[in-house]
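Peer 1: Provided herewith: upload-v5.csv, CSV, C-alpha atoms.
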chain,number,residue,atom,x,y,z
N,1,MET,CA,71.1,91.7,-25.7
N,2,ILE,CA,73.9,93.9,-26.9
N,3,VAL,CA,74.9,96.5,-24.3
N,4,PHE,CA,76.7,99.4,-26.0
N,5,SER,CA,78.6,101.4,-23.4
N,6,TYR,CA,77.3,102.0,-19.9
N,7,PRO,CA,78.9,103.3,-16.8
N,8,ARG,CA,79.3,100.3,-14.5
N,9,LEU,CA,76.5,100.6,-12.1
N,10,PHE,CA,75.6,98.4,-9.2
N,11,VAL,CA,72.4,98.9,-7.4
N,12,LYS,CA,72.6,97.7,-3.8
N,13,VAL,CA,69.2,97.2,-2.2
N,14,VAL,CA,68.4,95.7,1.2
N,15,ILE,CA,67.0,92.2,0.6
N,16,GLY,CA,63.9,92.7,2.7
N,17,VAL,CA,63.0,95.8,0.7
N,18,PHE,CA,63.7,94.0,-2.5
N,19,LEU,CA,61.4,91.1,-1.6
N,20,MET,CA,58.7,93.5,-0.5
N,21,THR,CA,58.9,95.3,-3.8
N,22,SER,CA,58.8,92.1,-5.8
N,23,ASN,CA,55.8,90.8,-4.0
N,24,LEU,CA,53.8,94.0,-4.0
N,25,PHE,CA,51.2,92.6,-6.3
N,26,SER,CA,48.5,94.9,-6.8
N,27,SER,CA,46.5,97.4,-5.1
N,28,GLU,CA,42.8,96.7,-4.7
N,29,ASN,CA,42.2,98.0,-8.2
N,30,THR,CA,45.1,96.5,-10.1
N,31,GLU,CA,46.5,93.1,-11.0
N,32,THR,CA,50.0,92.0,-11.9
N,33,ALA,CA,51.3,89.8,-14.8
N,34,ILE,CA,54.9,88.8,-15.5
N,35,PHE,CA,56.1,87.8,-19.0
N,36,ALA,CA,59.5,86.9,-20.5
N,37,GLY,CA,60.0,87.4,-24.2
N,38,GLY,CA,63.6,88.2,-25.0
N,39,CYS,CA,65.1,91.7,-24.5
N,40,PHE,CA,63.2,93.4,-21.6
N,41,TRP,CA,63.8,96.8,-23.2
N,42,CYS,CA,61.6,95.8,-26.1
N,43,LEU,CA,59.0,94.0,-24.1
N,44,GLN,CA,58.7,96.9,-21.7
N,45,HIS,CA,58.3,99.3,-24.6
N,46,ASP,CA,55.5,97.2,-26.1
N,47,PHE,CA,53.5,96.7,-22.9
N,48,ASP,CA,53.8,100.4,-22.1
N,49,GLN,CA,51.7,101.1,-25.2
N,50,VAL,CA,48.7,99.1,-24.0
N,51,PRO,CA,45.7,101.1,-22.7
N,52,GLY,CA,45.0,99.9,-19.2
N,53,VAL,CA,48.6,99.1,-18.3
N,54,VAL,CA,49.4,101.2,-15.1
N,55,SER,CA,53.1,100.5,-15.0
N,56,THR,CA,55.9,98.1,-16.1
N,57,THR,CA,59.1,97.1,-14.6
N,58,ALA,CA,62.0,95.4,-16.3
N,59,GLY,CA,63.6,92.6,-14.2
N,60,TYR,CA,64.6,89.1,-13.7
N,61,ALA,CA,62.4,86.0,-12.9
N,62,GLY,CA,62.7,82.3,-12.8
N,63,GLY,CA,65.9,81.8,-10.8
N,64,ASN,CA,66.6,80.9,-7.2
N,65,THR,CA,69.6,83.0,-6.1
N,66,LYS,CA,69.1,86.4,-4.4
N,67,ASN,CA,69.6,89.8,-5.9
N,68,PRO,CA,70.8,88.8,-9.4
N,69,THR,CA,72.7,91.4,-11.4
N,70,TYR,CA,72.5,92.1,-15.2
N,71,GLU,CA,76.0,90.9,-15.6
N,72,GLU,CA,75.1,87.5,-14.0
N,73,VAL,CA,71.8,87.0,-15.8
N,74,SER,CA,73.1,88.0,-19.3
N,75,ALA,CA,76.0,85.6,-18.9
N,76,GLY,CA,73.6,82.7,-18.6
N,77,GLY,CA,73.4,79.8,-16.2
N,78,THR,CA,71.5,81.6,-13.4
N,79,GLY,CA,68.1,80.3,-14.3
N,80,TYR,CA,66.8,83.9,-14.5
N,81,LEU,CA,65.2,85.3,-17.6
N,82,GLU,CA,64.9,88.9,-18.7
N,83,SER,CA,61.3,89.6,-17.8
N,84,VAL,CA,58.7,92.4,-17.5
N,85,ARG,CA,56.3,92.9,-14.6
N,86,VAL,CA,53.0,94.5,-15.8
N,87,VAL,CA,50.7,96.1,-13.4
N,88,PHE,CA,47.3,96.6,-15.1
N,89,ASP,CA,43.7,97.8,-14.4
N,90,PRO,CA,41.5,94.8,-15.1
N,91,GLN,CA,38.6,97.2,-15.7
N,92,LYS,CA,40.4,98.5,-18.7
N,93,VAL,CA,42.4,95.5,-20.0
N,94,THR,CA,42.0,91.9,-19.0
N,95,TYR,CA,44.7,89.3,-18.3
N,96,VAL,CA,43.4,87.4,-21.3
N,97,GLN,CA,43.9,90.4,-23.5
N,98,LEU,CA,47.4,90.9,-22.2
N,99,LEU,CA,48.1,87.2,-23.0
N,100,ASP,CA,46.9,87.7,-26.6
N,101,PHE,CA,49.1,90.9,-26.9
N,102,TYR,CA,52.1,89.0,-25.5
N,103,TRP,CA,51.7,86.1,-28.1
N,104,HIS,CA,51.7,88.6,-31.0
N,105,ASN,CA,54.8,90.4,-29.7
N,106,ILE,CA,57.1,87.4,-29.4
N,107,ASP,CA,58.3,84.5,-31.5
N,108,PRO,CA,56.5,81.5,-29.8
N,109,THR,CA,58.3,79.0,-32.1
N,110,ARG,CA,61.6,79.5,-30.3
N,111,ASN,CA,62.6,78.4,-26.8
N,112,ASP,CA,66.4,79.0,-27.1
N,113,GLY,CA,66.1,82.8,-27.2
N,114,GLN,CA,64.3,85.5,-29.0
N,115,PHE,CA,65.2,87.3,-32.3
N,116,CYS,CA,69.0,88.1,-32.2
N,117,ASP,CA,69.4,87.2,-28.5
N,118,THR,CA,70.2,83.5,-28.0
N,119,GLY,CA,70.4,81.8,-24.6
N,120,ASP,CA,68.2,80.4,-21.9
N,121,GLN,CA,68.0,83.8,-20.3
N,122,TYR,CA,66.1,85.1,-23.3
N,123,ARG,CA,63.6,82.3,-23.8
N,124,PRO,CA,59.8,83.2,-23.7
N,125,VAL,CA,57.9,82.2,-20.6
N,126,ILE,CA,54.5,83.2,-19.1
N,127,PHE,CA,54.8,83.3,-15.3
N,128,TYR,CA,51.6,82.9,-13.3
N,129,SER,CA,50.9,83.9,-9.7
N,130,THR,CA,47.5,82.4,-9.3
N,131,ASP,CA,45.5,79.3,-10.4
N,132,THR,CA,43.3,81.6,-12.5
N,133,GLN,CA,46.3,83.1,-14.3
N,134,ARG,CA,47.7,79.6,-14.9
N,135,ASN,CA,44.3,78.3,-16.3
N,136,GLU,CA,43.9,81.3,-18.5
N,137,ALA,CA,47.5,81.1,-19.8
N,138,GLU,CA,47.1,77.4,-20.6
N,139,THR,CA,43.7,78.0,-22.3
N,140,SER,CA,45.3,80.9,-24.3
N,141,LYS,CA,48.1,78.6,-25.4
N,142,GLU,CA,45.8,75.8,-26.4
N,143,GLU,CA,43.6,78.2,-28.4
N,144,LEU,CA,46.8,79.3,-30.3
N,145,ILE,CA,47.7,75.6,-31.0
N,146,GLN,CA,44.1,74.8,-32.1
N,147,ALA,CA,44.1,77.8,-34.5
N,148,ASN,CA,47.2,76.3,-36.1
N,149,GLN,CA,48.3,79.8,-37.3
N,150,VAL,CA,51.8,79.5,-35.9
N,151,LYS,CA,53.7,76.4,-34.9
N,152,PRO,CA,55.4,74.9,-33.0
N,153,ILE,CA,54.3,76.7,-29.8
N,154,LEU,CA,57.3,76.3,-27.4
N,155,VAL,CA,56.5,78.9,-24.7
N,156,GLU,CA,56.5,77.6,-21.2
N,157,ILE,CA,53.9,78.5,-18.5
N,158,LEU,CA,55.6,78.5,-15.1
N,159,PRO,CA,54.9,79.6,-11.5
N,160,ILE,CA,56.5,82.9,-10.5
N,161,GLY,CA,58.9,82.9,-7.6
N,162,THR,CA,60.6,86.2,-6.7
N,163,PHE,CA,60.7,88.9,-9.3
N,164,TYR,CA,63.8,91.2,-9.0
N,165,PRO,CA,63.6,94.6,-10.7
N,166,ALA,CA,66.6,95.2,-13.0
N,167,GLU,CA,69.1,98.0,-12.4
N,168,GLU,CA,67.7,101.5,-12.8
N,169,TYR,CA,69.5,102.2,-16.2
N,170,HIS,CA,67.5,99.4,-17.7
N,171,GLN,CA,64.1,100.8,-16.7
N,172,GLU,CA,62.3,102.5,-19.7
N,173,TYR,CA,65.5,102.3,-21.6
N,174,TYR,CA,63.6,103.2,-24.8
N,175,LYS,CA,62.9,106.6,-23.3
N,176,LYS,CA,66.3,107.3,-21.8
N,177,ASN,CA,68.3,106.2,-24.9
N,178,PRO,CA,65.8,106.4,-27.8
N,179,LEU,CA,68.4,106.3,-30.6
N,180,ARG,CA,70.4,103.4,-29.1
N,181,TYR,CA,67.1,101.5,-28.4
N,182,LYS,CA,65.8,102.0,-32.0
N,183,PHE,CA,69.2,100.9,-33.4
N,184,TYR,CA,69.2,97.8,-31.2
N,185,ARG,CA,65.6,96.9,-32.1
N,186,MET,CA,66.3,97.3,-35.8
N,187,ARG,CA,69.6,95.4,-35.7
N,188,CYS,CA,68.0,92.6,-33.8
N,189,GLY,CA,65.3,92.2,-36.5
N,190,ARG,CA,62.5,92.0,-33.9
N,191,ASP,CA,59.8,93.7,-36.0
N,192,GLU,CA,60.7,91.9,-39.2
N,193,ARG,CA,60.5,88.5,-37.5
N,194,LEU,CA,57.2,89.4,-35.9
N,195,LYS,CA,55.8,90.1,-39.4
N,196,GLU,CA,57.1,86.8,-40.6
N,197,VAL,CA,55.6,84.9,-37.8
N,198,TRP,CA,52.2,86.6,-37.6
N,199,GLY,CA,51.7,87.9,-41.1
N,200,SER,CA,51.4,91.5,-40.2
N,201,PRO,CA,52.6,93.7,-37.3
N,202,LYS,CA,49.2,94.0,-35.7
N,203,LEU,CA,48.3,95.1,-32.3
N,204,SER,CA,46.3,92.1,-31.2
N,205,ILE,CA,44.3,93.8,-28.5
N,206,SER,CA,41.5,96.2,-28.4
N,207,THR,CA,43.0,99.6,-28.0
N,208,GLN,CA,39.7,101.2,-27.0
N,209,LYS,CA,40.2,103.0,-23.7
N,210,VAL,CA,37.4,102.9,-21.2
N,211,SER,CA,37.2,106.7,-21.4
N,212,ASP,CA,36.2,106.2,-25.1
N,213,CYS,CA,33.3,104.1,-23.9
N,214,PRO,CA,30.1,106.2,-23.5
N,215,SER,CA,29.3,106.4,-19.8
N,216,ASN,CA,25.7,105.6,-20.3
N,217,TYR,CA,26.7,102.3,-21.9
N,218,ARG,CA,29.2,101.2,-19.3
N,219,PHE,CA,28.3,98.4,-16.8
N,220,ASP,CA,27.9,100.1,-13.4
N,221,GLY,CA,28.6,96.9,-11.4
N,222,LYS,CA,25.0,96.4,-10.3
N,223,LYS,CA,24.0,92.8,-11.0
N,224,LEU,CA,20.5,91.7,-12.1
N,225,VAL,CA,19.6,88.5,-10.3
N,226,LEU,CA,16.3,86.7,-10.9
N,227,THR,CA,14.9,83.3,-10.0
N,228,GLU,CA,14.4,80.7,-12.8
N,229,LYS,CA,10.7,81.3,-12.7
N,230,GLN,CA,11.2,85.0,-13.1
N,231,TRP,CA,13.5,84.5,-16.0
N,232,LYS,CA,11.0,82.2,-17.7
N,233,GLU,CA,8.3,84.9,-17.3
N,234,LYS,CA,10.6,87.6,-18.7
N,235,LEU,CA,12.2,85.8,-21.7
N,236,THR,CA,10.9,83.9,-24.7
N,237,PRO,CA,11.5,80.1,-24.7
N,238,GLU,CA,14.4,80.6,-27.2
N,239,GLN,CA,15.9,83.4,-25.2
N,240,PHE,CA,15.7,81.4,-22.0
N,241,LYS,CA,17.4,78.4,-23.7
N,242,ILE,CA,20.3,80.6,-24.8
N,243,LEU,CA,20.7,83.0,-22.0
N,244,ARG,CA,20.0,80.9,-19.0
N,245,LYS,CA,20.8,77.4,-20.2
N,246,GLY,CA,23.8,78.0,-22.5
N,247,GLY,CA,22.1,76.7,-25.6
N,248,THR,CA,23.0,77.5,-29.2
N,249,GLU,CA,20.7,78.5,-32.1
N,250,PRO,CA,21.1,77.2,-35.6
N,251,PRO,CA,23.4,79.1,-38.0
N,252,PHE,CA,21.9,81.2,-40.8
N,253,LYS,CA,18.5,80.8,-39.2
N,254,ASN,CA,18.6,83.6,-36.6
N,255,ALA,CA,17.6,87.2,-36.5
N,256,TYR,CA,20.9,89.1,-36.7
N,257,PHE,CA,23.5,87.1,-38.5
N,258,ASP,CA,23.1,89.2,-41.7
N,259,ASN,CA,21.8,92.4,-40.1
N,260,LYS,CA,23.7,95.3,-41.7
N,261,LYS,CA,21.8,98.2,-40.0
N,262,ALA,CA,23.6,100.7,-37.9
N,263,GLY,CA,22.9,100.5,-34.2
N,264,ILE,CA,23.8,98.7,-31.0
N,265,TYR,CA,23.1,95.2,-29.7
N,266,GLU,CA,21.9,94.9,-26.1
N,267,CYS,CA,21.5,91.9,-23.8
N,268,ALA,CA,18.0,90.5,-24.3
N,269,GLY,CA,17.9,89.7,-20.6
N,270,CYS,CA,18.9,93.0,-19.0
N,271,ALA,CA,19.3,95.6,-21.8
N,272,LEU,CA,23.0,96.1,-21.1
N,273,PRO,CA,24.7,97.5,-24.3
N,274,LEU,CA,27.1,94.8,-25.6
N,275,PHE,CA,28.1,95.4,-29.2
N,276,SER,CA,28.1,98.2,-31.8
N,277,SER,CA,27.3,97.6,-35.5
N,278,GLU,CA,30.7,99.3,-36.1
N,279,ALA,CA,32.4,96.2,-34.7
N,280,LYS,CA,30.2,93.7,-36.6
N,281,PHE,CA,31.6,91.7,-39.5
N,282,ASP,CA,30.6,88.9,-41.8
N,283,SER,CA,32.4,85.8,-40.5
N,284,GLY,CA,30.6,83.4,-42.8
N,285,THR,CA,29.6,81.2,-39.8
N,286,GLY,CA,25.9,82.1,-39.7
N,287,TRP,CA,26.0,83.8,-36.4
N,288,PRO,CA,26.4,87.5,-35.5
N,289,SER,CA,30.2,88.2,-35.2
N,290,PHE,CA,31.9,91.1,-33.5
N,291,MET,CA,35.5,92.2,-33.2
N,292,ALA,CA,35.1,93.7,-29.7
N,293,PRO,CA,32.4,94.7,-27.1
N,294,ILE,CA,31.2,98.3,-27.1
N,295,CYS,CA,32.7,98.5,-23.5
N,296,PRO,CA,35.2,95.9,-22.5
N,297,GLU,CA,33.8,95.4,-19.0
N,298,ASN,CA,30.3,94.7,-20.3
N,299,VAL,CA,31.2,91.2,-21.5
N,300,THR,CA,32.8,88.7,-19.1
N,301,LEU,CA,34.9,85.8,-20.5
N,302,LYS,CA,35.0,82.4,-18.9
N,303,SER,CA,37.4,79.6,-19.7
N,304,LYS,CA,35.7,76.3,-20.8
N,305,TRP,CA,36.8,73.0,-22.2
N,306,ASN,CA,34.7,70.7,-24.3
N,307,PRO,CA,35.5,68.4,-27.3
N,308,PHE,CA,33.6,70.6,-29.7
N,309,SER,CA,35.0,74.1,-29.0
N,310,SER,CA,38.2,75.8,-28.1
N,311,GLY,CA,36.5,79.1,-27.5
N,312,ARG,CA,36.0,81.1,-24.4
N,313,GLU,CA,32.4,81.6,-23.1
N,314,ALA,CA,31.1,85.2,-23.4
N,315,ILE,CA,28.7,86.2,-20.6
N,316,CYS,CA,26.7,89.4,-20.0
N,317,SER,CA,28.4,91.1,-17.0
N,318,ARG,CA,25.1,92.4,-15.6
N,319,CYS,CA,22.8,89.3,-15.6
N,320,ASN,CA,25.4,86.5,-16.2
N,321,GLY,CA,23.5,85.4,-19.3
N,322,HIS,CA,25.2,83.2,-21.8
N,323,LEU,CA,25.8,85.2,-25.0
N,324,GLY,CA,28.1,82.9,-27.1
N,325,ASP,CA,31.8,82.4,-27.4
N,326,LEU,CA,35.0,84.2,-28.2
N,327,PHE,CA,37.4,82.7,-30.8
N,328,LYS,CA,40.8,83.8,-31.9
N,329,ASP,CA,40.2,83.7,-35.7
N,330,GLY,CA,38.8,87.2,-36.2
N,331,PRO,CA,40.2,90.0,-38.3
N,332,PRO,CA,42.8,92.7,-37.3
N,333,PRO,CA,43.2,94.8,-35.2
N,334,THR,CA,41.9,92.6,-32.4
N,335,GLY,CA,42.1,89.1,-33.9
N,336,ASP,CA,39.0,88.4,-31.9
N,337,ARG,CA,35.6,86.9,-33.1
N,338,TYR,CA,32.8,87.2,-30.6
N,339,CYS,CA,30.4,84.6,-32.0
N,340,ILE,CA,27.0,85.6,-30.4
N,341,ASP,CA,23.6,84.0,-30.5
N,342,SER,CA,20.9,86.4,-31.9
N,343,ALA,CA,18.4,85.2,-29.3
N,344,ALA,CA,20.7,86.7,-26.6
N,345,LEU,CA,20.5,90.1,-28.2
N,346,ASN,CA,18.0,92.9,-28.9
N,347,PHE,CA,18.9,95.4,-31.6
N,348,ARG,CA,18.1,99.1,-31.7
N,349,LYS,CA,19.0,101.5,-34.4
N,350,SER,CA,19.8,104.7,-32.4
N,351,LEU,CA,23.4,104.8,-31.2
Write out the structure in this file as structure tokens.
Peer 2:
Amino acid sequence: MIVFSYPRLFVKVVIGVFLMTSNLFSSENTETAIFAGGCFWCLQHDFDQVPGVVSTTAGYAGGNTKNPTYEEVSAGGTGYLESVRVVFDPQKVTYVQLLDFYWHNIDPTRNDGQFCDTGDQYRPVIFYSTDTQRNEAETSKEELIQANQVKPILVEILPIGTFYPAEEYHQEYYKKNPLRYKFYRMRCGRDERLKEVWGSPKLSISTQKVSDCPSNYRFDGKKLVLTEKQWKEKLTPEQFKILRKGGTEPPFKNAYFDNKKAGIYECAGCALPLFSSEAKFDSGTGWPSFMAPICPENVTLKSKWNPFSSGREAICSRCNGHLGDLFKDGPPPTGDRYCIDSAALNFRKSL
């Protein structure tokens, strides 16, 4: 990263406070993710634009020494990478969505730097703090490899040690020095390279805020739990096979794959609103396909591995019914394709 002219500033912080700050992972309602992707000015700017992100902090991750400084990290050889800590509200944006956003805002084909910044301290890395984050990051990477849209994929997935916030003058640099930031980003060719790698500078995440989701459609957190006997009495045999047993219906021979009417699609098991016709598109697969749920929290995603699919299972958040799968071959702006079985849905015209 090119630093223009800064007053020499050293931030002295007591080690104990530093460690406490770096490990302050989330309140009850937030979670934390840490990503490295070249210049932390740019990565912080990008994540600050994502609805559901509560705060971001530019800093250093991946090394072993205490209290690294910018001068030490930028010189290389410390093991630290310029990184960004992202605190987010999982009810508004999921870790999986942040991973998808991350991929589309870096060049995953390089592990010797990013854009105009070369060196180990600028290589892209996903740092995980839990087994769940590691599994979701590995699944996300494998899905990108399977999609074969961009190659090679050289991003590492590593456990996070201690994250050290960078000096204060680096925090939200794009706000403090907008002209210098814009000049740096343009000179570094970041956006041009992203367009070359991904085909278009798209925001690969649903930018729908939870506040935009109608309150009467939003999952209220109350689960519907029935016995298998009760489900069999409530559902048709086809619905039971799909929703409760994770089955799949034949393509092109189901109720809604070519439905073009305006309305919403509800869970056939519990009537939770799941998808709007406005997000439906013709994927050519023979199953109903949607770019995004009507409310992000209404559909839960679950990692799965089998030899026939690289998708992520989509589950109704209220009744835990199997709906279908999420694939990463959908259209902009989300890049998502929710491939849903018609038998898992009921359609109604009024919005």
Peer 1: Using 9 Å as the limit and counting all atoms listed in the file, can you tabulate each residue of stretch 64-179 of chain N that touches stretch 281-304 of chain N, with its shortest atom-to-atom distance in Å and the two atoms involved, as CSV?
Peer 2:
residue,atom,partner,partner_atom,distance
N:Pro90,CA,N:Glu297,CA,8.7
N:Gln91,CA,N:Glu297,CA,6.1
N:Lys92,CA,N:Pro296,CA,6.9
N:Val93,CA,N:Pro296,CA,7.6
N:Thr94,CA,N:Pro296,CA,8.6
N:Val96,CA,N:Leu301,CA,8.7
N:Asn135,CA,N:Ser303,CA,7.8
N:Glu136,CA,N:Ser303,CA,6.8
N:Thr139,CA,N:Ser303,CA,7.0
Peer 1: Using all atoms listed in the file, find the one residue out of N:Asp325, N:Asp336, N:Glu192, N:Pro331 that sits nearest to N:Phe115.
Peer 2: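 Smallest separation from N:Phe115 among the options: N:Glu192.
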Peer 1: If we count only C-alpha atoms, what is near N:Gly63 at a cut-off of 12 Å, once residues fewer than 6 positions away on the same chain are taken out, given as a list of chain:residue names?
Peer 2: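 So, after excluding close chain neighbours, the residues are N:Thr69, N:Glu72, N:Val73, N:Gly76, N:Gly77, N:Thr78, N:Gly79, N:Tyr80, N:Leu81, N:Glu82, N:Ser83, N:Asp120, N:Gln121, N:Leu158, N:Pro159, N:Ile160, N:Gly161, N:Thr162, N:Phe163, N:Tyr164.
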Peer 1: With C-alpha atoms retained, write the just-selected residues as a PDB file, in the frame of the given file.
Peer 2:
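Contents of out-v4.pdb, freshly written:
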ATOM      1  CA  THR N  69      72.700  91.400 -11.400  1.00  0.00           C
ATOM      2  CA  GLU N  72      75.100  87.500 -14.000  1.00  0.00           C
ATOM      3  CA  VAL N  73      71.800  87.000 -15.800  1.00  0.00           C
ATOM      4  CA  GLY N  76      73.600  82.700 -18.600  1.00  0.00           C
ATOM      5  CA  GLY N  77      73.400  79.800 -16.200  1.00  0.00           C
ATOM      6  CA  THR N  78      71.500  81.600 -13.400  1.00  0.00           C
ATOM      7  CA  GLY N  79      68.100  80.300 -14.300  1.00  0.00           C
ATOM      8  CA  TYR N  80      66.800  83.900 -14.500  1.00  0.00           C
ATOM      9  CA  LEU N  81      65.200  85.300 -17.600  1.00  0.00           C
ATOM     10  CA  GLU N  82      64.900  88.900 -18.700  1.00  0.00           C
ATOM     11  CA  SER N  83      61.300  89.600 -17.800  1.00  0.00           C
ATOM     12  CA  ASP N 120      68.200  80.400 -21.900  1.00  0.00           C
ATOM     13  CA  GLN N 121      68.000  83.800 -20.300  1.00  0.00           C
ATOM     14  CA  LEU N 158      55.600  78.500 -15.100  1.00  0.00           C
ATOM     15  CA  PRO N 159      54.900  79.600 -11.500  1.00  0.00           C
ATOM     16  CA  ILE N 160      56.500  82.900 -10.500  1.00  0.00           C
ATOM     17  CA  GLY N 161      58.900  82.900  -7.600  1.00  0.00           C
ATOM     18  CA  THR N 162      60.600  86.200  -6.700  1.00  0.00           C
ATOM     19  CA  PHE N 163      60.700  88.900  -9.300  1.00  0.00           C
ATOM     20  CA  TYR N 164      63.800  91.200  -9.000  1.00  0.00           C
TER      21      TYR N 164
END
Peer 1: Just the number, please: distance in Å from atom CA of N:Val150 to atom CA of N:Thr109, one decimal.
Peer 2: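 A separation of 7.5 Å between them.
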Peer 1: Between atom CA of N:Asp191 and atom CA of N:Asp112, what distance in Å does the model show, to one decimal?
Peer 2: 18.4 Å
Peer 1: Can you pull out every residue within 8 Å of stretch 254-271 of chain N, counting all atoms listed in the file, but drop anything in the same chain fewer than 3 positions away, and send it as a PyMOL selection string?
Peer 2: chain N and resi 224+234-235+239+243+249-251+274-278+282+286-289+316+318-319+321+341-351
Peer 1: Record the distance separating atom CA of N:Asp329 and atom CA of N:Gly311, expressed in Å with one decimal.
Peer 2: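 Result for atom CA of N:Asp329 versus atom CA of N:Gly311: 10.1 Å, one decimal.
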Peer 1: Counting only C-alpha atoms, figure out which residue out of N:Asp107, N:Thr30, N:Leu144, N:Phe47 gets nearest to N:Asp89.
Peer 2: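 Looking only at the distances to N:Asp89, the closest residue turns out to be N:Thr30.
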Peer 1: Which residue out of N:Phe252, N:Ala279, N:Tyr338, N:Pro165 has the minimum interatomic distance to N:Pro68 when only C-alpha atoms are used?
Peer 2: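 Among the listed residues, N:Pro165 lies closest to N:Pro68.
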